[in-house]
file structure_16.cif (mmCIF, C-alpha atoms and all ligand atoms)
data_work
loop_
_atom_site.label_atom_id
_atom_site.label_comp_id
_atom_site.auth_asym_id
_atom_site.auth_seq_id
_atom_site.Cartn_x
_atom_site.Cartn_y
_atom_site.Cartn_z
CA MET A 1 23.34 7.36 -11.59
CA LYS A 2 21.95 4.05 -12.81
CA GLN A 3 18.66 3.01 -11.26
CA GLY A 4 18.25 -0.70 -10.55
CA LYS A 5 15.83 -3.07 -12.19
CA ILE A 6 12.31 -3.57 -10.88
CA LEU A 7 11.09 -7.15 -10.97
CA PHE A 8 7.31 -7.21 -11.16
CA GLY A 9 7.21 -11.00 -11.35
CA GLY A 10 7.59 -11.50 -7.60
CA LEU A 11 9.90 -13.84 -5.70
CA ARG A 12 10.01 -16.38 -8.53
CA SER A 13 11.49 -13.75 -10.81
CA LEU A 14 14.13 -12.99 -8.17
CA ASP A 15 14.99 -16.68 -8.08
CA ARG A 16 15.51 -16.69 -11.86
CA GLU A 17 17.49 -13.44 -11.79
CA LEU A 18 19.91 -14.60 -9.09
CA ASN A 19 20.80 -17.67 -11.10
CA GLY A 20 22.21 -15.37 -13.78
CA GLU A 21 25.86 -14.53 -14.43
CA PRO A 22 26.06 -11.16 -12.61
CA TRP A 23 25.32 -12.97 -9.34
CA ARG A 24 27.62 -15.98 -9.79
CA ASP A 25 30.07 -15.00 -7.03
CA ALA A 26 27.56 -13.37 -4.73
CA ARG A 27 27.34 -14.15 -1.01
CA TYR A 28 24.08 -13.11 0.59
CA THR A 29 23.03 -11.68 3.93
CA ILE A 30 19.36 -10.99 4.58
CA LEU A 31 18.58 -7.88 6.61
CA LEU A 32 15.21 -8.16 8.34
CA ASP A 33 13.27 -7.18 11.44
CA GLU A 34 11.27 -9.18 13.95
CA ASN A 35 8.07 -8.97 11.87
CA THR A 36 9.57 -9.91 8.56
CA PHE A 37 11.58 -12.70 10.20
CA GLN A 38 8.31 -14.30 11.21
CA CYS A 39 5.94 -13.35 8.40
CA CYS A 40 8.07 -12.99 5.26
CA LEU A 41 11.35 -14.91 5.55
CA PRO A 42 9.74 -18.34 4.99
CA ALA A 43 8.25 -17.20 1.65
CA LEU A 44 11.56 -15.64 0.58
CA ILE A 45 13.78 -18.61 1.27
CA SER A 46 11.32 -21.17 -0.04
CA SER A 47 11.06 -19.27 -3.34
CA VAL A 48 14.65 -18.16 -3.88
CA GLY A 49 17.03 -21.11 -3.85
CA VAL A 50 20.32 -19.23 -3.46
CA LEU A 51 19.07 -17.58 -0.28
CA GLN A 52 18.62 -20.85 1.56
CA GLU A 53 22.21 -20.70 2.78
CA ALA A 54 22.17 -16.94 3.50
CA GLU A 55 23.07 -15.48 6.87
CA PHE A 56 20.57 -13.07 8.34
CA ILE A 57 20.77 -10.01 10.56
CA GLU A 58 17.78 -8.88 12.59
CA VAL A 59 17.27 -5.21 13.46
CA PRO A 60 14.52 -3.48 15.50
CA SER A 61 11.22 -2.96 13.68
CA GLY A 62 10.12 0.42 12.36
CA GLU A 63 11.89 3.76 12.57
CA GLU A 64 13.91 2.52 15.56
CA CYS A 65 16.30 0.69 13.23
CA LYS A 66 17.24 3.88 11.39
CA SER A 67 20.15 5.00 13.53
CA LEU A 68 23.92 5.18 13.20
CA GLU A 69 24.15 2.78 16.16
CA VAL A 70 22.11 0.09 14.41
CA ALA A 71 24.01 0.69 11.15
CA ALA A 72 27.30 0.22 13.06
CA GLN A 73 26.02 -3.04 14.55
CA VAL A 74 25.17 -4.33 11.07
CA TRP A 75 28.63 -3.32 9.75
CA GLN A 76 30.23 -5.05 12.74
CA THR A 77 28.28 -8.27 12.10
CA LEU A 78 29.22 -8.18 8.40
CA LEU A 79 32.90 -7.70 9.27
CA GLU A 80 32.89 -10.44 11.88
CA GLY A 81 31.28 -12.77 9.34
CA GLY A 82 34.12 -12.06 6.88
CA ALA A 83 31.94 -10.21 4.38
CA ASP A 84 33.76 -8.78 1.38
CA ARG A 85 32.74 -6.83 -1.71
CA ARG A 86 31.07 -9.89 -3.24
CA HIS A 87 28.55 -9.61 -0.46
CA VAL A 88 24.97 -8.68 -1.28
CA LEU A 89 22.53 -7.37 1.31
CA VAL A 90 18.95 -8.48 0.73
CA CYS A 91 16.67 -6.03 2.54
CA LEU A 92 13.46 -7.80 3.52
CA GLY A 93 11.14 -5.29 5.11
CA GLY A 94 9.28 -2.04 4.94
CA GLY A 95 10.62 1.44 4.30
CA SER A 96 12.79 1.51 7.43
CA VAL A 97 14.64 -1.73 6.66
CA CYS A 98 15.10 -0.59 3.04
CA ASP A 99 16.42 2.84 4.11
CA LEU A 100 18.82 1.29 6.63
CA GLY A 101 19.87 -1.53 4.28
CA GLY A 102 20.69 0.89 1.46
CA PHE A 103 22.66 3.08 3.88
CA VAL A 104 24.67 0.15 5.26
CA SER A 105 25.37 -1.12 1.72
CA ALA A 106 26.53 2.29 0.51
CA GLY A 107 29.04 2.53 3.36
CA PHE A 108 30.35 -1.02 3.64
CA LYS A 109 33.74 -1.37 1.91
CA ARG A 110 32.83 1.65 -0.26
CA GLY A 111 29.65 0.07 -1.52
CA ILE A 112 28.25 -3.43 -1.91
CA ARG A 113 25.23 -4.47 -3.94
CA HIS A 114 21.86 -4.64 -2.31
CA ILE A 115 18.44 -5.96 -3.26
CA HIS A 116 15.17 -4.63 -1.93
CA VAL A 117 12.36 -7.05 -1.18
CA PRO A 118 9.74 -4.60 0.11
CA THR A 119 7.14 -6.21 2.34
CA THR A 120 4.85 -3.23 2.90
CA LEU A 121 2.72 -1.55 0.28
CA LEU A 122 4.38 1.77 1.10
CA ALA A 123 7.84 0.37 0.45
CA MET A 124 6.71 -1.36 -2.78
CA VAL A 125 5.43 1.85 -4.33
CA ASP A 126 7.82 4.37 -2.79
CA ALA A 127 10.63 3.68 -0.31
CA ALA A 128 12.25 0.77 -2.17
CA ILE A 129 12.44 2.67 -5.47
CA GLY A 130 14.81 5.49 -6.33
CA GLY A 131 17.95 4.95 -4.26
CA LYS A 132 17.25 7.15 -1.26
CA THR A 133 18.94 5.66 1.80
CA GLY A 134 19.22 7.15 5.24
CA VAL A 135 19.20 7.11 9.00
CA ASP A 136 17.80 9.62 11.47
CA PHE A 137 20.31 11.83 13.26
CA GLY A 138 20.22 14.87 15.52
CA GLY A 139 16.46 14.46 15.93
CA VAL A 140 15.94 14.95 12.17
CA LYS A 141 14.49 12.16 10.03
CA ASN A 142 16.74 10.93 7.20
CA SER A 143 19.34 13.62 7.93
CA ILE A 144 22.27 11.34 7.08
CA GLY A 145 22.17 9.29 3.90
CA PHE A 146 23.24 8.67 0.34
CA PHE A 147 21.68 8.16 -3.05
CA PHE A 148 22.53 4.51 -3.64
CA PRO A 149 20.02 2.56 -5.74
CA ALA A 150 19.34 -1.12 -5.15
CA GLU A 151 20.41 -3.39 -8.01
CA LEU A 152 17.02 -5.06 -7.89
CA THR A 153 13.66 -4.27 -6.32
CA VAL A 154 11.25 -7.17 -6.24
CA ILE A 155 7.54 -6.41 -6.08
CA ASP A 156 5.54 -9.34 -4.74
CA HIS A 157 2.03 -8.47 -3.62
CA VAL A 158 1.86 -11.70 -1.59
CA PHE A 159 3.41 -9.69 1.25
CA CYS A 160 0.38 -7.35 1.24
CA ASP A 161 -1.53 -10.16 2.99
CA THR A 162 0.76 -9.73 6.03
CA LEU A 163 -0.27 -6.07 6.52
CA ASP A 164 -2.86 -4.64 8.90
CA THR A 165 -5.41 -2.07 7.73
CA VAL A 166 -3.35 0.92 8.89
CA GLN A 167 -0.23 -0.28 7.06
CA THR A 168 -2.30 -0.84 3.93
CA LEU A 169 -3.79 2.64 4.14
CA CYS A 170 -0.27 4.10 4.59
CA GLY A 171 0.77 2.54 1.29
CA LYS A 172 -2.45 3.66 -0.39
CA MET A 173 -1.72 7.23 0.67
CA GLU A 174 1.67 7.22 -1.07
CA MET A 175 -0.03 5.74 -4.14
CA VAL A 176 -2.66 8.48 -4.16
CA LYS A 177 0.11 11.07 -3.76
CA THR A 178 2.11 9.78 -6.73
CA ALA A 179 -1.05 9.58 -8.82
CA ALA A 180 -2.01 13.15 -7.82
CA VAL A 181 1.26 14.56 -9.18
CA ALA A 182 1.72 12.25 -12.17
CA ASP A 183 -1.49 10.55 -13.35
CA PRO A 184 -4.91 12.22 -12.79
CA GLU A 185 -6.83 9.24 -14.17
CA LEU A 186 -5.15 6.86 -11.74
CA PHE A 187 -5.83 9.35 -8.91
CA ARG A 188 -9.55 9.31 -9.71
CA GLY A 189 -9.50 5.53 -10.06
CA LEU A 190 -7.88 5.06 -6.65
CA LEU A 191 -10.39 7.37 -4.95
CA ALA A 192 -13.26 5.52 -6.61
CA ARG A 193 -12.23 2.14 -5.15
CA ASP A 194 -13.48 1.12 -1.76
CA GLY A 195 -11.89 -2.23 -1.15
CA ASP A 196 -8.77 -4.02 -2.31
CA LEU A 197 -6.19 -2.49 -4.55
CA PRO A 198 -5.67 -4.13 -7.90
CA VAL A 199 -2.13 -5.46 -8.37
CA GLN A 200 -2.10 -3.45 -11.59
CA ALA A 201 -2.35 -0.18 -9.63
CA ILE A 202 0.71 -1.11 -7.53
CA ARG A 203 2.66 -1.69 -10.74
CA GLU A 204 1.46 1.55 -12.30
CA VAL A 205 2.55 3.59 -9.29
CA ALA A 206 5.92 1.82 -9.10
CA ARG A 207 6.43 2.62 -12.80
CA LEU A 208 5.41 6.26 -12.34
CA LYS A 209 7.87 6.64 -9.48
CA THR A 210 10.63 4.98 -11.51
CA ARG A 211 10.00 7.40 -14.37
CA VAL A 212 10.30 10.43 -12.07
CA VAL A 213 13.49 9.26 -10.31
CA LYS A 214 15.17 8.41 -13.61
CA ALA A 215 14.54 11.98 -14.75
CA ASP A 216 16.02 13.44 -11.55
CA PRO A 217 17.93 10.85 -9.49
CA TYR A 218 19.46 13.40 -7.09
CA ASP A 219 16.19 15.11 -6.17
CA LEU A 220 17.24 18.52 -7.46
CA GLY A 221 14.19 19.32 -9.56
CA ILE A 222 11.24 17.34 -10.87
CA ARG A 223 11.61 14.54 -8.29
CA LYS A 224 10.56 17.00 -5.61
CA ILE A 225 6.97 16.59 -6.86
CA LEU A 226 6.98 13.29 -4.95
CA ASN A 227 7.18 15.32 -1.75
CA LEU A 228 3.60 16.54 -2.10
CA GLY A 229 2.20 16.72 1.44
CA HIS A 230 5.51 15.71 3.02
CA THR A 231 6.63 19.05 4.51
CA PHE A 232 3.44 19.07 6.60
CA GLY A 233 3.25 15.29 6.88
CA HIS A 234 6.73 14.91 8.41
CA ALA A 235 5.95 17.55 11.05
CA ILE A 236 2.63 15.84 11.91
CA GLU A 237 4.34 12.45 11.99
CA VAL A 238 6.92 13.66 14.52
CA TYR A 239 4.56 15.86 16.56
CA ARG A 240 1.64 13.42 16.83
CA GLY A 241 3.53 10.14 16.41
CA MET A 242 1.26 9.26 13.47
CA PRO A 243 2.32 6.57 10.98
CA HIS A 244 4.13 8.14 8.01
CA GLY A 245 1.52 7.33 5.35
CA LEU A 246 -1.41 8.64 7.38
CA ALA A 247 0.52 11.82 8.24
CA VAL A 248 1.24 12.28 4.52
CA GLY A 249 -2.49 11.91 3.89
CA VAL A 250 -3.15 14.79 6.30
CA GLY A 251 -0.25 16.73 4.75
CA MET A 252 -1.82 16.29 1.31
CA LYS A 253 -5.05 17.80 2.56
CA VAL A 254 -3.08 20.81 3.84
CA ALA A 255 -1.19 21.04 0.52
CA MET A 256 -4.39 20.85 -1.54
CA TYR A 257 -6.00 23.57 0.59
CA LEU A 258 -2.97 25.84 0.04
CA SER A 259 -3.01 24.93 -3.66
CA MET A 260 -6.63 26.06 -3.86
CA LYS A 261 -5.86 29.37 -2.11
CA LYS A 262 -2.62 30.15 -3.92
CA LEU A 263 -2.70 28.40 -7.30
CA GLY A 264 -6.39 28.07 -8.18
CA PHE A 265 -6.49 24.30 -7.64
CA SER A 266 -9.96 22.82 -8.09
CA GLU A 267 -12.18 23.06 -5.00
CA SER A 268 -14.19 20.01 -6.08
CA VAL A 269 -11.04 17.84 -6.19
CA TYR A 270 -10.04 19.16 -2.75
CA VAL A 271 -13.49 18.27 -1.38
CA ALA A 272 -13.49 14.82 -3.06
CA TYR A 273 -10.04 14.06 -1.62
CA SER A 274 -11.01 15.31 1.85
CA GLN A 275 -14.16 13.15 1.94
CA TRP A 276 -12.34 10.09 0.66
CA PHE A 277 -9.49 10.56 3.15
CA GLU A 278 -11.87 11.00 6.08
CA SER A 279 -13.77 7.83 5.17
CA GLN A 280 -10.50 5.87 4.82
CA MET A 281 -9.31 7.11 8.21
CA ASN A 282 -12.64 6.18 9.82
CA ALA A 283 -12.45 2.72 8.28
CA VAL A 284 -9.13 2.05 10.09
CA GLY A 285 -10.37 3.56 13.37
CA SER A 286 -8.47 6.86 13.01
CA VAL A 287 -9.62 10.42 12.66
CA VAL A 288 -8.22 13.38 10.75
CA PRO A 289 -6.42 15.31 13.52
CA LYS A 290 -7.36 18.83 14.61
CA PHE A 291 -4.67 21.27 15.71
CA THR A 292 -4.66 24.34 17.96
CA LEU A 293 -2.52 27.40 17.20
CA LYS A 294 -0.13 26.24 19.91
CA ASP A 295 0.29 22.85 18.18
CA ILE A 296 0.85 24.59 14.85
CA GLU A 297 3.62 26.83 16.26
CA GLN A 298 5.53 23.74 17.35
CA MET A 299 5.00 22.05 14.02
CA LEU A 300 6.14 25.17 12.16
CA ALA A 301 9.47 24.84 14.00
CA LEU A 302 9.71 21.21 12.83
CA MET A 303 8.85 22.22 9.25
CA ARG A 304 11.67 24.77 9.19
CA ASN A 305 14.06 21.94 10.06
CA ASP A 306 12.80 19.95 7.12
CA LYS A 307 15.43 19.45 4.42
CA LYS A 308 13.08 20.80 1.78
CA CYS A 309 13.36 24.36 3.14
CA ALA A 310 16.08 26.71 1.95
CA ASP A 311 17.34 29.68 4.04
CA GLY A 312 14.69 29.13 6.70
CA ASP A 313 11.88 29.82 4.20
CA LEU A 314 9.09 27.33 4.15
CA CYS A 315 8.95 25.82 0.68
CA CYS A 316 6.61 23.12 -0.43
CA VAL A 317 5.11 21.33 -3.40
CA LEU A 318 1.63 22.43 -4.42
CA LEU A 319 -0.72 21.52 -7.26
CA GLN A 320 -2.00 23.78 -10.00
CA GLU A 321 -4.17 20.87 -11.07
CA LEU A 322 -3.97 17.10 -10.84
CA GLY A 323 -0.83 16.00 -12.71
CA ALA A 324 0.61 19.55 -12.64
CA ALA A 325 2.64 19.98 -9.46
CA VAL A 326 4.68 23.11 -8.76
CA ILE A 327 7.84 22.71 -6.69
CA ASP A 328 9.49 25.22 -4.33
CA VAL A 329 6.41 27.30 -3.64
CA TYR A 330 7.04 29.70 -0.77
CA VAL A 331 4.34 29.65 1.89
CA SER A 332 4.15 32.07 4.80
CA ASP A 333 3.64 30.99 8.39
CA ASN A 334 0.19 32.59 8.36
CA GLU A 335 -0.84 30.60 5.29
CA VAL A 336 0.25 27.40 7.05
CA ARG A 337 -1.64 28.41 10.20
CA ASP A 338 -4.79 29.02 8.17
CA ALA A 339 -4.50 25.71 6.27
CA MET A 340 -3.83 23.65 9.39
CA LEU A 341 -6.61 25.27 11.40
CA HIS A 342 -8.88 24.40 8.49
CA LEU A 343 -8.37 20.67 9.04
N1 LIG A 401 9.85 9.49 -1.43
C1 LIG A 401 10.16 10.52 -2.32
C2 LIG A 401 11.34 10.24 -3.17
O1 LIG A 401 11.82 9.12 -3.24
O2 LIG A 401 11.86 11.15 -3.78
#
call {"tool": "encode", "arguments": {"input": "structure_16.cif", "output": "structure tokens"}}
result
Amino acid sequence: MKQGKILFGGLRSLDRELNGEPWRDARYTILLDENTFQCCLPALISSVGVLQEAEFIEVPSGEECKSLEVAAQVWQTLLEGGADRRHVLVCLGGGSVCDLGGFVSAGFKRGIRHIHVPTTLLAMVDAAIGGKTGVDFGGVKNSIGFFFPAELTVIDHVFCDTLDTVQTLCGKMEMVKTAAVADPELFRGLLARDGDLPVQAIREVARLKTRVVKADPYDLGIRKILNLGHTFGHAIEVYRGMPHGLAVGVGMKVAMYLSMKKLGFSESVYVAYSQWFESQMNAVGSVVPKFTLKDIEQMLALMRNDKKCADGDLCCVLLQELGAAVIDVYVSDNEVRDAMLHL
């Protein structure tokens, strides 16, 4: 499966790209939500000439847009507008709009091209790269979806200025996760920074992710390393209603604790991460959650539903050391209880 091109030159580079031959016949529809309509659409259409005439479709913000019902409404609008296979969907938003937009594009007339313009840090470094699309179904996140890479993903850090501190921390958490499994030096560099993220770090993480998904586009092997912290994080996200990135941050703490107990992962790295994470959470007015055994039982049920578990066994990604992740490590319920009580 061919992965699309990443444009690191921002909206201006998208403008140049769309004037090229492959896009000569294209007709564009912009998929956006209420927030990106207000905060990001003006920058997009003032920078990218061919989008000035584009139609747009607004969907609910956040996870709420990731449903078959919303996907059907978007298909209906495309059909009513006479869209054909020349149509290109430009997904202007965070991870949810990108996931939905990719899903809609994969299904419409057996597949139309789509372009991701991620507007959150999390989407720039993770969700908009690698072709995972999906909607939530049957109470399970991302349970219906396809691998269908965007033709182009445009990284423009100007959109980072539209984010609040929690959204920024969510993106930072996915960056720290990718660095933990793929680039120890970058991991240490990210933990050492207090304030703003250098644009260079966003690019480095986007490149790391691209390298991993090219090696394993269908998520059958090495790509699973990108799920560090996610088995626990998804359960915490659903159970506590925490934003995805923050829940992944907690999940990484659980995963590092288990890594220390089971694989000899460095205690000093675990402690450094825990202290850094706690200070980041405090800075955005959040706290690292505590769980009772009763909470953990309910989250264990959610974890067993997670698509990363085979035959009801709880499998997760752990770390032998920074940059050396191990996939499909079996963990017992008691080990999870111990790690989560330890938070
Ligand atoms: N977010 C993990 C992946 O794309 O595989």
call {"tool": "residues_around", "arguments": {"input": "structure_16.cif", "residues": "Cys98 in chain A", "least_positions_apart": "5", "cutoff": "8 Å", "atoms": "all atoms listed in the file", "output": "PyMOL selection string"}}
result
chain A and resi 91-93+116+118+123+127-128+133
call {"tool": "closest_atom_pairs", "arguments": {"input": "structure_16.cif", "of": "range 87-158 of chain A", "to": "range 206-213 of chain A", "cutoff": "8 Å", "atoms": "only C-alpha atoms", "output": "Markdown table"}}
result
| residue | atom | partner | partner_atom | distance |
| --- | --- | --- | --- | --- |
| A:Met124 | CA | A:Ala206 | CA | 7.1 |
| A:Val125 | CA | A:Ala206 | CA | 4.8 |
| A:Asp126 | CA | A:Lys209 | CA | 7.1 |
| A:Ile129 | CA | A:Thr210 | CA | 6.7 |
| A:Gly130 | CA | A:Val213 | CA | 5.6 |
call {"tool": "axis_aligned_box", "arguments": {"input": "structure_16.cif", "around": "range 92-96 of chain A", "padding_each_side": "6 Å", "output": "AutoDock Vina command-line options"}}
result
--center_x 11.4 --center_y -3.1 --center_z 5.5 --size_x 16.2 --size_y 21.3 --size_z 15.9
call {"tool": "residues_near_point", "arguments": {"input": "structure_16.cif", "point": "(9.8, -11.9, 9.6)", "cutoff": "12 Å", "atoms": "all atoms listed in the file", "output": "PyMOL selection string"}}
result
chain A and resi 30-45+56-61+91-94+97+118-119+159+162
call {"tool": "atom_distance", "arguments": {"input": "structure_16.cif", "atom1": "CA of Gly134 in chain A", "atom2": "CA of Tyr218 in chain A"}}
result
13.8 Å
call {"tool": "residues_around", "arguments": {"input": "structure_16.cif", "residues": "Ile225 in chain A", "least_positions_apart": "4", "cutoff": "8 Å", "atoms": "only C-alpha atoms", "output": "compact mmCIF listing (two decimals) with C-alpha atoms, in the frame of the given file"}}
result
# COMPACT_ATOMS: atom_id res chain seq x y z
CA VAL A 181 1.26 14.56 -9.18
CA VAL A 317 5.11 21.33 -3.40
CA ALA A 325 2.64 19.98 -9.46
CA VAL A 326 4.68 23.11 -8.76
CA ILE A 327 7.84 22.71 -6.69
call {"tool": "residues_around", "arguments": {"input": "structure_16.cif", "residues": "range 186-192 of chain A", "least_positions_apart": "5", "cutoff": "9 Å", "atoms": "only C-alpha atoms", "output": "list in words"}}
result
Lys172, Met175, Val176, Lys177, Thr178, Ala179, Ala180, Val181, Leu197, Ala201, Glu204, Val205, Ala272, Tyr273, Trp276, Phe277 and Leu322 of chain A
call {"tool": "closest_residue", "arguments": {"input": "structure_16.cif", "among": "A:Ser332, A:Ser47, A:Asn227, A:Gln76", "to": "ligand LIG 401 (chain A)", "atoms": "only C-alpha atoms and all ligand atoms"}}
result
A:Asn227
call {"tool": "residues_around", "arguments": {"input": "structure_16.cif", "residues": "Gly251 in chain A", "least_positions_apart": "6", "cutoff": "9 Å", "atoms": "all atoms listed in the file", "output": "count of residues only"}}
result
9
